[in-house]
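The data block below is model_32.txt; it holds compact mmCIF, C-alpha atoms and all ligand atoms.
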# COMPACT_ATOMS: atom_id res chain seq x y z
CA MET B 1 1.14 -7.09 45.29
CA LEU B 2 -0.45 -4.38 43.16
CA CYS B 3 -4.12 -4.22 42.18
CA VAL B 4 -5.28 -2.11 39.22
CA ARG B 5 -8.87 -1.52 38.15
CA ALA B 6 -10.07 -0.29 34.76
CA PRO B 7 -13.71 0.34 33.85
CA GLY B 8 -15.68 -0.48 30.70
CA ARG B 9 -17.66 2.27 29.02
CA VAL B 10 -20.95 3.13 27.40
CA ASN B 11 -21.10 5.84 24.83
CA LEU B 12 -24.02 8.24 25.31
CA ILE B 13 -23.74 9.64 21.78
CA GLY B 14 -21.12 10.10 19.03
CA GLU B 15 -20.92 6.63 17.47
CA HIS B 16 -18.43 5.77 14.72
CA THR B 17 -17.19 9.35 14.82
CA ASP B 18 -13.88 8.80 16.63
CA TYR B 19 -11.97 7.48 13.59
CA ASN B 20 -13.34 10.43 11.60
CA ASP B 21 -11.65 13.02 13.85
CA GLY B 22 -15.06 13.73 15.42
CA TYR B 23 -16.70 14.03 18.84
CA VAL B 24 -17.70 11.36 21.37
CA LEU B 25 -19.37 11.37 24.79
CA PRO B 26 -18.68 8.15 26.70
CA VAL B 27 -19.13 7.39 30.40
CA ALA B 28 -16.90 4.95 32.35
CA ILE B 29 -19.23 2.46 34.03
CA SER B 30 -19.16 0.57 37.29
CA LEU B 31 -18.39 -2.73 35.56
CA GLU B 32 -14.66 -3.21 35.59
CA THR B 33 -11.64 -5.42 35.07
CA ARG B 34 -9.13 -5.94 37.87
CA VAL B 35 -5.57 -7.17 37.67
CA TYR B 36 -3.76 -8.43 40.78
CA ALA B 37 -0.05 -8.56 40.03
CA GLN B 38 3.05 -9.70 41.87
CA PRO B 39 6.20 -8.29 40.26
CA ARG B 40 8.96 -10.78 39.40
CA THR B 41 12.70 -10.34 39.14
CA ASP B 42 12.77 -11.43 35.50
CA ALA B 43 10.81 -10.52 32.34
CA LEU B 44 8.42 -13.47 32.41
CA CYS B 45 4.66 -13.03 32.82
CA GLN B 46 2.34 -15.78 34.01
CA ILE B 47 -1.14 -14.42 33.47
CA TYR B 48 -4.25 -16.20 34.62
CA SER B 49 -7.75 -15.08 33.70
CA GLU B 50 -10.12 -16.17 36.43
CA THR B 51 -13.05 -15.18 34.23
CA LEU B 52 -12.00 -17.45 31.35
CA ASP B 53 -10.03 -19.97 33.42
CA GLU B 54 -7.09 -19.60 31.02
CA GLN B 55 -3.39 -19.29 31.80
CA HIS B 56 -0.74 -17.86 29.46
CA THR B 57 2.97 -17.18 29.65
CA LEU B 58 4.69 -14.23 27.97
CA ASP B 59 8.38 -13.39 27.88
CA LEU B 60 8.67 -9.62 27.75
CA ALA B 61 12.30 -9.91 26.64
CA ALA B 62 11.20 -11.88 23.54
CA LEU B 63 7.61 -10.86 22.79
CA PRO B 64 6.17 -12.84 19.90
CA PRO B 65 4.41 -11.00 17.07
CA PRO B 66 0.58 -11.14 17.16
CA GLU B 67 0.47 -14.10 14.75
CA GLY B 68 2.58 -16.07 17.20
CA LEU B 69 -0.05 -15.73 19.95
CA PRO B 70 -3.37 -17.47 20.44
CA SER B 71 -6.31 -15.14 19.78
CA GLY B 72 -8.03 -13.92 22.92
CA PHE B 73 -7.10 -11.82 25.93
CA ILE B 74 -3.35 -12.53 25.87
CA ARG B 75 -2.98 -10.69 22.55
CA TYR B 76 -4.19 -7.47 24.13
CA VAL B 77 -1.81 -7.85 27.07
CA ALA B 78 1.11 -8.61 24.75
CA GLY B 79 0.11 -5.67 22.56
CA VAL B 80 0.15 -3.24 25.47
CA ALA B 81 3.52 -4.56 26.66
CA ALA B 82 4.95 -4.28 23.14
CA MET B 83 3.75 -0.68 22.68
CA LEU B 84 4.99 0.42 26.11
CA GLN B 85 8.38 -1.21 25.49
CA GLN B 86 8.69 0.37 22.06
CA HIS B 87 7.76 3.78 23.46
CA SER B 88 10.01 3.65 26.51
CA GLY B 89 12.89 1.69 24.98
CA ARG B 90 12.91 -0.59 28.05
CA THR B 91 12.01 -4.16 28.89
CA LEU B 92 9.17 -4.10 31.39
CA THR B 93 8.99 -6.02 34.66
CA GLY B 94 7.55 -9.54 34.52
CA VAL B 95 4.52 -10.27 36.67
CA ASP B 96 2.51 -13.16 38.06
CA ALA B 97 -0.95 -11.77 37.51
CA THR B 98 -4.56 -12.80 37.93
CA LEU B 99 -7.29 -10.92 36.20
CA CYS B 100 -11.01 -10.95 36.67
CA SER B 101 -13.66 -8.97 34.88
CA GLN B 102 -17.26 -8.03 35.50
CA LEU B 103 -17.57 -6.95 31.87
CA PRO B 104 -19.56 -9.26 29.63
CA LEU B 105 -17.54 -10.21 26.54
CA GLY B 106 -18.92 -9.22 23.14
CA ALA B 107 -21.50 -6.85 24.61
CA GLY B 108 -19.81 -3.76 23.19
CA LEU B 109 -18.83 -2.40 26.62
CA SER B 110 -15.11 -2.27 25.81
CA SER B 111 -13.90 -5.19 27.85
CA SER B 112 -10.79 -5.17 25.65
CA ALA B 113 -10.04 -1.48 26.26
CA ALA B 114 -10.47 -2.07 30.02
CA LEU B 115 -7.98 -4.94 29.85
CA GLU B 116 -5.50 -2.79 27.94
CA ALA B 117 -5.95 0.17 30.29
CA ALA B 118 -5.45 -2.04 33.37
CA PHE B 119 -2.12 -3.43 32.08
CA ALA B 120 -1.00 0.00 30.86
CA VAL B 121 -1.56 1.49 34.34
CA LEU B 122 0.05 -1.58 35.93
CA TRP B 123 3.34 -1.23 34.02
CA ASN B 124 3.27 2.57 34.11
CA THR B 125 3.25 2.21 37.91
CA LEU B 126 5.58 -0.79 38.35
CA ASP B 127 8.21 0.52 35.94
CA ASP B 128 7.74 4.17 36.88
CA LEU B 129 7.29 5.10 33.21
CA ARG B 130 5.56 8.42 34.08
CA LEU B 131 3.43 8.39 30.95
CA ASP B 132 0.36 10.61 31.04
CA ARG B 133 -3.14 9.23 30.51
CA TRP B 134 -3.31 10.42 26.91
CA THR B 135 -0.14 8.67 25.94
CA LEU B 136 -1.35 5.50 27.65
CA ALA B 137 -4.66 5.66 25.78
CA GLN B 138 -2.87 6.11 22.46
CA LEU B 139 -0.50 3.22 23.14
CA CYS B 140 -3.47 1.00 24.07
CA GLN B 141 -5.16 1.99 20.81
CA GLN B 142 -1.98 1.05 18.91
CA ALA B 143 -1.97 -2.30 20.72
CA GLU B 144 -5.50 -2.93 19.47
CA HIS B 145 -4.57 -1.97 15.89
CA HIS B 146 -1.46 -4.12 15.72
CA TYR B 147 -2.35 -7.05 17.97
CA ALA B 148 -6.12 -7.42 17.52
CA GLY B 149 -6.36 -6.18 13.92
CA VAL B 150 -9.15 -3.66 14.64
CA ARG B 151 -8.50 -0.14 13.36
CA CYS B 152 -10.44 1.35 16.28
CA GLY B 153 -10.62 5.01 17.24
CA LEU B 154 -9.51 6.38 20.59
CA MET B 155 -12.84 6.54 22.42
CA ASP B 156 -12.78 3.30 24.40
CA GLN B 157 -9.24 3.58 25.70
CA ALA B 158 -9.69 7.29 26.49
CA ALA B 159 -12.92 6.56 28.39
CA SER B 160 -11.34 3.80 30.45
CA LEU B 161 -8.37 6.01 31.35
CA LEU B 162 -9.69 9.59 31.51
CA CYS B 163 -13.28 9.62 32.80
CA HIS B 164 -14.30 11.26 36.06
CA ALA B 165 -16.93 9.87 38.43
CA GLY B 166 -20.36 11.46 37.98
CA HIS B 167 -19.40 12.87 34.57
CA ALA B 168 -19.49 12.01 30.90
CA LEU B 169 -16.30 12.65 28.92
CA PHE B 170 -16.64 14.96 25.95
CA LEU B 171 -13.70 14.25 23.73
CA ASP B 172 -12.70 16.01 20.54
CA THR B 173 -10.69 13.22 18.94
CA ARG B 174 -8.84 15.63 16.65
CA THR B 175 -7.61 18.22 19.11
CA GLN B 176 -7.80 15.82 22.05
CA ALA B 177 -9.52 18.54 24.05
CA THR B 178 -11.68 17.08 26.82
CA GLN B 179 -14.48 18.38 29.00
CA HIS B 180 -16.03 16.54 31.91
CA ILE B 181 -19.79 17.08 31.63
CA PRO B 182 -21.78 16.53 34.86
CA PHE B 183 -24.28 13.72 34.47
CA PRO B 184 -27.74 14.52 35.94
CA PRO B 185 -27.63 12.91 39.40
CA ASP B 186 -31.27 11.79 39.34
CA TRP B 187 -30.82 9.86 36.08
CA ALA B 188 -29.56 6.28 35.99
CA ILE B 189 -27.48 4.79 33.18
CA VAL B 190 -28.76 1.37 32.22
CA VAL B 191 -26.78 -0.93 29.99
CA ALA B 192 -29.26 -3.23 28.26
CA ASP B 193 -27.34 -6.13 26.72
CA THR B 194 -29.38 -7.82 24.00
CA GLY B 195 -27.56 -11.12 24.61
CA LYS B 196 -26.81 -11.27 20.90
CA PRO B 197 -23.03 -11.51 20.60
CA ARG B 198 -21.47 -9.10 18.15
CA ALA B 199 -20.98 -10.81 14.82
CA LEU B 200 -18.66 -9.69 12.00
CA ALA B 201 -17.72 -6.77 14.18
CA GLU B 202 -14.08 -6.64 13.11
CA SER B 203 -14.40 -6.99 9.35
CA GLU B 204 -17.52 -4.79 9.10
CA TYR B 205 -15.90 -2.19 11.37
CA ASN B 206 -12.81 -1.94 9.20
CA LEU B 207 -15.05 -1.79 6.11
CA ARG B 208 -17.06 1.15 7.54
CA ARG B 209 -13.82 2.95 8.24
CA ALA B 210 -12.63 2.41 4.67
CA GLN B 211 -15.98 3.70 3.30
CA CYS B 212 -15.60 6.89 5.35
CA GLU B 213 -12.14 7.34 3.87
CA GLN B 214 -13.59 6.90 0.37
CA ALA B 215 -16.15 9.62 1.11
CA VAL B 216 -13.36 11.98 2.24
CA VAL B 217 -11.49 11.46 -1.03
CA ALA B 218 -14.66 12.12 -3.06
CA LEU B 219 -15.49 15.26 -1.03
CA GLN B 220 -11.94 16.56 -1.37
CA ALA B 221 -12.51 16.73 -5.13
CA VAL B 222 -15.15 19.44 -4.57
CA LEU B 223 -14.22 20.96 -1.22
CA GLY B 224 -10.43 20.85 -1.51
CA GLU B 225 -7.65 19.48 0.65
CA SER B 226 -8.92 21.32 3.73
CA VAL B 227 -11.22 18.32 4.16
CA VAL B 228 -8.92 15.95 6.00
CA ALA B 229 -11.66 13.88 7.65
CA LEU B 230 -15.46 13.85 7.75
CA ARG B 231 -15.17 16.07 10.80
CA ASP B 232 -14.34 18.91 8.40
CA VAL B 233 -17.68 18.68 6.57
CA SER B 234 -20.60 20.70 7.97
CA PRO B 235 -24.19 19.43 7.73
CA GLU B 236 -24.86 22.21 5.18
CA GLN B 237 -21.91 21.15 3.01
CA GLY B 238 -23.07 17.55 3.41
CA ALA B 239 -26.52 18.40 2.09
CA LEU B 240 -24.98 20.07 -0.95
CA TYR B 241 -22.14 17.73 -1.84
CA LEU B 242 -22.98 14.25 -0.53
CA PRO B 243 -25.09 13.49 -3.62
CA LEU B 244 -21.75 13.46 -5.51
CA VAL B 245 -20.45 10.58 -3.38
CA ASP B 246 -21.19 6.98 -4.42
CA GLU B 247 -23.29 4.69 -2.24
CA PRO B 248 -22.79 3.26 0.31
CA ALA B 249 -20.04 5.75 1.25
CA ARG B 250 -22.62 8.56 0.86
CA ARG B 251 -24.85 7.25 3.63
CA ARG B 252 -21.91 6.35 5.87
CA ALA B 253 -20.68 9.94 5.58
CA ARG B 254 -24.17 11.33 6.18
CA HIS B 255 -24.30 9.42 9.46
CA VAL B 256 -20.92 10.72 10.64
CA ILE B 257 -21.61 14.34 9.68
CA SER B 258 -25.03 14.38 11.36
CA GLU B 259 -23.76 12.47 14.42
CA ASN B 260 -21.04 15.04 15.10
CA ALA B 261 -23.69 17.79 15.11
CA ARG B 262 -25.83 15.71 17.48
CA VAL B 263 -22.98 15.33 19.99
CA LEU B 264 -22.55 19.10 20.20
CA ALA B 265 -26.30 19.63 20.68
CA PHE B 266 -26.37 16.84 23.28
CA LEU B 267 -23.81 18.63 25.48
CA THR B 268 -26.24 21.49 26.06
CA ALA B 269 -29.17 19.11 26.50
CA LEU B 270 -27.30 17.07 29.13
CA ARG B 271 -26.12 20.15 31.00
CA HIS B 272 -29.76 21.24 31.31
CA ALA B 273 -31.08 17.71 31.89
CA ASP B 274 -33.42 18.51 28.99
CA LYS B 275 -35.27 15.21 28.63
CA ALA B 276 -37.07 16.00 25.38
CA GLN B 277 -33.85 17.06 23.63
CA VAL B 278 -31.86 14.13 25.02
CA ARG B 279 -34.55 11.78 23.79
CA ALA B 280 -34.76 13.31 20.32
CA LEU B 281 -30.98 13.28 19.82
CA MET B 282 -30.44 9.71 21.02
CA LEU B 283 -33.30 8.41 18.89
CA ALA B 284 -31.99 10.26 15.85
CA SER B 285 -28.56 8.75 16.51
CA HIS B 286 -30.03 5.26 16.66
CA ALA B 287 -32.02 5.74 13.45
CA SER B 288 -28.95 7.06 11.65
CA LEU B 289 -26.83 4.10 12.82
CA ARG B 290 -29.58 1.73 11.71
CA ASP B 291 -30.45 3.24 8.34
CA ASP B 292 -27.35 5.10 7.14
CA TYR B 293 -24.48 3.32 8.88
CA GLU B 294 -26.20 -0.10 8.91
CA VAL B 295 -24.62 -1.36 12.10
CA SER B 296 -27.77 -2.09 14.13
CA CYS B 297 -29.66 -5.39 14.11
CA ALA B 298 -33.18 -6.58 14.93
CA GLU B 299 -32.30 -7.24 18.58
CA LEU B 300 -30.81 -3.78 19.14
CA ASP B 301 -33.85 -2.17 17.53
CA THR B 302 -36.18 -4.32 19.66
CA MET B 303 -34.26 -3.46 22.81
CA VAL B 304 -34.52 0.29 22.12
CA GLU B 305 -38.28 -0.13 21.62
CA ALA B 306 -38.61 -2.15 24.83
CA CYS B 307 -36.67 0.47 26.82
CA LEU B 308 -38.80 3.33 25.48
CA GLN B 309 -42.02 1.47 26.21
CA ALA B 310 -40.77 0.72 29.71
CA GLY B 311 -40.45 4.46 30.37
CA ALA B 312 -36.79 5.32 29.59
CA ILE B 313 -35.99 8.98 29.00
CA SER B 314 -34.22 7.67 25.93
CA ALA B 315 -32.27 4.74 24.54
CA ARG B 316 -30.07 3.82 21.59
CA MET B 317 -27.56 1.21 20.53
CA THR B 318 -24.08 1.84 21.90
CA GLY B 319 -20.61 0.83 20.70
CA ALA B 320 -19.67 -0.64 17.35
CA GLY B 321 -23.01 -2.45 16.81
CA PHE B 322 -23.79 -5.75 15.02
CA GLY B 323 -25.19 -7.05 18.33
CA GLY B 324 -24.17 -6.07 21.85
CA ALA B 325 -25.88 -3.54 24.08
CA CYS B 326 -28.08 -0.46 24.19
CA VAL B 327 -27.73 2.41 26.61
CA ALA B 328 -30.90 3.67 28.28
CA LEU B 329 -31.22 6.75 30.47
CA VAL B 330 -33.85 6.32 33.16
CA GLU B 331 -35.14 8.45 36.00
CA ARG B 332 -33.82 6.90 39.19
CA ALA B 333 -37.24 7.00 40.80
CA GLN B 334 -38.52 4.70 38.04
CA LEU B 335 -35.55 2.39 37.82
CA GLU B 336 -37.03 -0.71 39.41
CA ARG B 337 -40.16 -0.65 37.34
CA PHE B 338 -38.15 0.10 34.21
CA LEU B 339 -35.86 -2.90 34.75
CA ALA B 340 -38.77 -5.29 35.21
CA ASP B 341 -40.81 -3.94 32.29
CA SER B 342 -38.01 -3.63 29.74
CA GLU B 343 -36.83 -7.17 30.44
CA ARG B 344 -40.35 -8.56 30.07
CA LEU B 345 -40.97 -6.65 26.84
CA TYR B 346 -37.65 -7.68 25.28
CA ARG B 347 -38.00 -11.34 26.23
CA ALA B 348 -41.44 -11.44 24.64
CA ARG B 349 -39.99 -10.34 21.30
CA ALA B 350 -36.43 -11.67 21.05
CA ALA B 351 -34.81 -15.07 21.24
CA TYR B 352 -31.73 -14.01 23.19
CA GLU B 353 -31.13 -13.87 26.93
CA PRO B 354 -30.91 -10.16 27.88
CA ARG B 355 -28.96 -8.69 30.81
CA PHE B 356 -29.54 -5.32 32.39
CA TYR B 357 -26.97 -3.40 34.42
CA ALA B 358 -27.81 -0.18 36.25
CA CYS B 359 -24.45 1.59 36.30
CA ASP B 360 -22.85 4.60 37.93
CA ALA B 361 -20.45 6.90 36.09
CA VAL B 362 -17.08 6.11 37.67
CA ASP B 363 -13.44 7.29 37.57
CA GLY B 364 -11.04 6.02 34.90
CA ALA B 365 -8.46 3.29 35.61
CA GLY B 366 -6.24 3.45 38.66
CA VAL B 367 -4.32 1.58 41.32
CA CYS B 368 -6.63 0.22 44.04
CA PRO B 369 -5.77 0.81 47.65
CA MET B 370 -4.89 -2.59 49.22
C1 LIG P 1 -15.69 0.51 18.93
C2 LIG P 1 -14.33 1.18 18.72
C3 LIG P 1 -14.40 2.68 19.04
C4 LIG P 1 -15.56 3.36 18.30
C5 LIG P 1 -16.86 2.55 18.46
C6 LIG P 1 -17.98 3.09 17.61
O1 LIG P 1 -16.05 0.54 20.28
O2 LIG P 1 -13.34 0.57 19.54
O3 LIG P 1 -13.17 3.30 18.75
O4 LIG P 1 -15.24 3.54 16.96
O5 LIG P 1 -16.69 1.18 18.15
O6 LIG P 1 -18.33 4.37 18.02

Would you write the structure of this file as C-alpha cells?
Amino acid sequence: MLCVRAPGRVNLIGEHTDYNDGYVLPVAISLETRVYAQPRTDALCQIYSETLDEQHTLDLAALPPPEGLPSGFIRYVAGVAAMLQQHSGRTLTGVDATLCSQLPLGAGLSSSAALEAAFAVLWNTLDDLRLDRWTLAQLCQQAEHHYAGVRCGLMDQAASLLCHAGHALFLDTRTQATQHIPFPPDWAIVVADTGKPRALAESEYNLRRAQCEQAVVALQAVLGESVVALRDVSPEQGALYLPLVDEPARRRARHVISENARVLAFLTALRHADKAQVRALMLASHASLRDDYEVSCAELDTMVEACLQAGAISARMTGAGFGGACVALVERAQLERFLADSERLYRARAAYEPRFYACDAVDGAGVCPM
C-alpha cells in the first residue's frame, strides 16, 4: 500500500500572470488530498473517492479520450495517466485506490491540481519513472488542458509539487526559476472561502487568456516581435502604448503588466515583513482584478472588506475568481479574534455560508510514511 499526499494552494499575489509568462507567489497550504493505492498486476484502476462517494474504473492499456469519460475527478486522473504514458512510452501500473480530500471544491484552492499532483507522484513512484518535479508539474498542466478543457498556467501544479514548508514559492513562469521566500513566522495565512461557488470559471478564464493574447498582437505592432507575452511589457511601455489597444484587452493587459510589477515589489515586502507595503500591494492587486480584469464578484469584495475590518494585515481574492476564496494575512496573536469578527461581518452582508481555514505553509506533494 502506498499513500501520497498533495496540498492545495493559495496565491499571495501574481494573479492571472502565469499564462502571460509572468511571476506568481503561491503557498502550499495544510489542506490536502490523499491517495491510498494498492498496486495491481494488470493495467486496471478502480478508483473510489471517499469525499464524493463515487467509484470509477479506468483501463490504462486503453485510456478513453476525455469525451469518453464522465466529467468530474476521473477526468483529471485519466489525464495525468495519459500524459505520463505519452511521456514515458510505457503503460503504467493499475491500482485499487481510495482518495479523500480536505480541499473544498470550487473554492479556488486548486483541488484539481492537488489531485493531479497526487496521482503524478503515485505513478512516478510506483513505476519508477524518475521524472523531476518540474516535468511532473508540466505534465499535470497538460492533463488539465487536454482533459478538463482549461488552458491554465503552471502555478497550481507547480505550487502543489514544488513548495517548501514555511515558505512561499516565487516562480518565474517563463524561465522556470524558483526562489523559496521565507514566510513571516508570526503571520497566519487565512483562507476565507466566500461560499459562493465559482461560476463560468472555465469559459471566462479561457476568454481572459484570449484577450491577453489579443493585447500582445496589438502591442507587437508598435513594440516589435520582442514582445512575446505581456511579461515583456514594462509599466512605462504600458502607460505609453496601451491606449492603442482596444477594450477590453487594454484593461486586461493593464492588470497583467501592473500585477507583475507588484509581485516583484511584494518579494521585498515579505522578506522584511513590511506590513504597510504588503497591505498596499495586495489591495492594489484586488482592485486591479476587480476593475481591470473583472474576475471578482460582490462576495469576494465583501469578504476582503470584512477581513480588513476584522484586523487583517491585508486580504485579496485569490485564484481564478468568479467566486471562491480570499487570502488574508493575519498576525498570529490576533487570529482568534480575527476569525470570529470576519465571519460575523461577512455573514451580516452576504447570503452565502462562509468557511475560514487558518493554514500553515507546507511542503509540496510526497509519499507519506506508513
Ligand atoms: C487558476 C489557474 C492558474 C492561474 C490562476 C489565476 O488557478 O489554474 O494557472 O492562472 O487561475 O492566477

Inset, instruction - Return as a PyMOL selection string the residues of protein, DNA or RNA that approach ligand LIG 1 (chain P) to within 7 Å, with all atoms listed in the file taken into account. - result: chain B and resi 14-19+108+110+152-156+319-320

Inset, instruction - Tell me, as an NGL selection string, which residues lie within 9 Å of Ala6 (chain B), counting only C-alpha atoms; anything in the same chain fewer than 5 positions away does not count. - result: :B and (28 or 31-35 or 113-119 or 121 or 160-161 or 363-367)

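Distances here use only C-alpha atoms; by that measure, the residue among B:Asp292, B:Asp360, B:Glu299, B:Asp42 closest to Arg198 (chain B) is B:Glu299.
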
Legend entry - Pairwise distance for CA of Ile181 (chain B) and CA of Arg254 (chain B), rounded to one decimal in Å: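 Result for CA of Ile181 (chain B) versus CA of Arg254 (chain B): 26.5 Å, one decimal.
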
Please identify all polymer residues within 7 Å of region 262-266 of chain B, counting all atoms listed in the file, omitting same-chain residues fewer than 3 positions from it, and present them as a PDB file with C-alpha atoms, in the coordinates of the input.
ATOM      1  CA  ILE B  13     -23.740   9.640  21.780  1.00  0.00           C
ATOM      2  CA  GLY B  14     -21.120  10.100  19.030  1.00  0.00           C
ATOM      3  CA  TYR B  23     -16.700  14.030  18.840  1.00  0.00           C
ATOM      4  CA  VAL B  24     -17.700  11.360  21.370  1.00  0.00           C
ATOM      5  CA  SER B 258     -25.030  14.380  11.360  1.00  0.00           C
ATOM      6  CA  GLU B 259     -23.760  12.470  14.420  1.00  0.00           C
ATOM      7  CA  ALA B 269     -29.170  19.110  26.500  1.00  0.00           C
ATOM      8  CA  LEU B 270     -27.300  17.070  29.130  1.00  0.00           C
ATOM      9  CA  VAL B 278     -31.860  14.130  25.020  1.00  0.00           C
ATOM     10  CA  LEU B 281     -30.980  13.280  19.820  1.00  0.00           C
TER      11      LEU B 281
END

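Here CA of Ala120 (chain B) is placed at a distance of 20.5 Å from CA of Val10 (chain B).
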
Inset, instruction - Kindly extract all protein, DNA and RNA residues lying within 10 Å of the coordinates (0.9, 8.1, 31.8) given in the file, considering only C-alpha atoms, and supply them as a PyMOL selection string. - result: chain B and resi 120-121+123-125+128-137+161

Inset, instruction - Anything within 8 Å of (-14.8, 16.9, 11.0): list those residues as a list in words, counting only C-alpha atoms and sticking to the file's coordinates. - result: Asn20, Asp21, Gly22, Val227, Val228, Ala229, Leu230, Arg231, Asp232, Val233, Ser234, Ile257 and Asn260 of chain B

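Considering the residues B:Tyr241, B:Tyr293, B:Tyr36, B:Tyr48 and counting only C-alpha atoms, Cys368 (chain B) has its shortest atom-to-atom contact with B:Tyr36.
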
Legend entry - For CA of His145 (chain B) and CA of Ala199 (chain B), the interatomic separation in Å (one decimal): 18.7 Å

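Shell of region 68-75 of chain B at 8 Å, with only C-alpha atoms counted and residues fewer than 4 places along the chain excluded, is His56, Pro64, Gly79, Ser112, Leu115, Tyr147 and Ala148 of chain B.
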
Return as lines of an AutoDock Vina configuration file the centre and edge lengths, in Å with one decimal, of the box along x, y and z that encloses every atom of region 102-112 of chain B in the file, padded by 5 Å per side.
center_x = -16.1
center_y = -6.2
center_z = 29.3
size_x = 20.7
size_y = 17.9
size_z = 22.4

Which residues of region 204-321 of chain B sit at most 9 Å from region 350-357 of chain B, using only C-alpha atoms? Give each one's shortest atom pair and distance in Å (one decimal place), in chain and ascending residue order, as a Markdown table.
| residue | atom | partner | partner_atom | distance |
| --- | --- | --- | --- | --- |
| B:Ala298 | CA | B:Ala350 | CA | 8.6 |
| B:Glu299 | CA | B:Ala350 | CA | 6.5 |
| B:Thr302 | CA | B:Ala350 | CA | 7.5 |
| B:Met303 | CA | B:Ala350 | CA | 8.7 |

Deliver the residues from the most recent selection as a file, using C-alpha atoms, as a PDB file, in the frame of the given file.
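The resulting file, part.pdb, is shown below:
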ATOM      1  CA  ALA B 298     -33.180  -6.580  14.930  1.00  0.00           C
ATOM      2  CA  GLU B 299     -32.300  -7.240  18.580  1.00  0.00           C
ATOM      3  CA  THR B 302     -36.180  -4.320  19.660  1.00  0.00           C
ATOM      4  CA  MET B 303     -34.260  -3.460  22.810  1.00  0.00           C
TER       5      MET B 303
END

Legend entry - Pick from B:Ala273, B:Ala158, B:Val256, B:Ala328, whichever lies nearest to Gln211 (chain B) using all atoms listed in the file: B:Val256

Legend entry - Among listed residues B:Ala358, B:Leu289, B:Ala340, B:Leu242, nearest Ala310 (chain B) (using all atoms listed in the file):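 So, comparing all the options, the nearest one is B:Ala340.
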
Legend entry - Which residue of B:Leu92, B:Met83, B:Leu2, B:Leu267 approaches Pro184 (chain B) most closely, using all atoms listed in the file: B:Leu267

Legend entry - Counting only C-alpha atoms, the option among B:Ala312, B:Leu283, B:Ala325, B:Leu139 closest to Arg337 (chain B):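 Nearest to Arg337 (chain B): B:Ala312.
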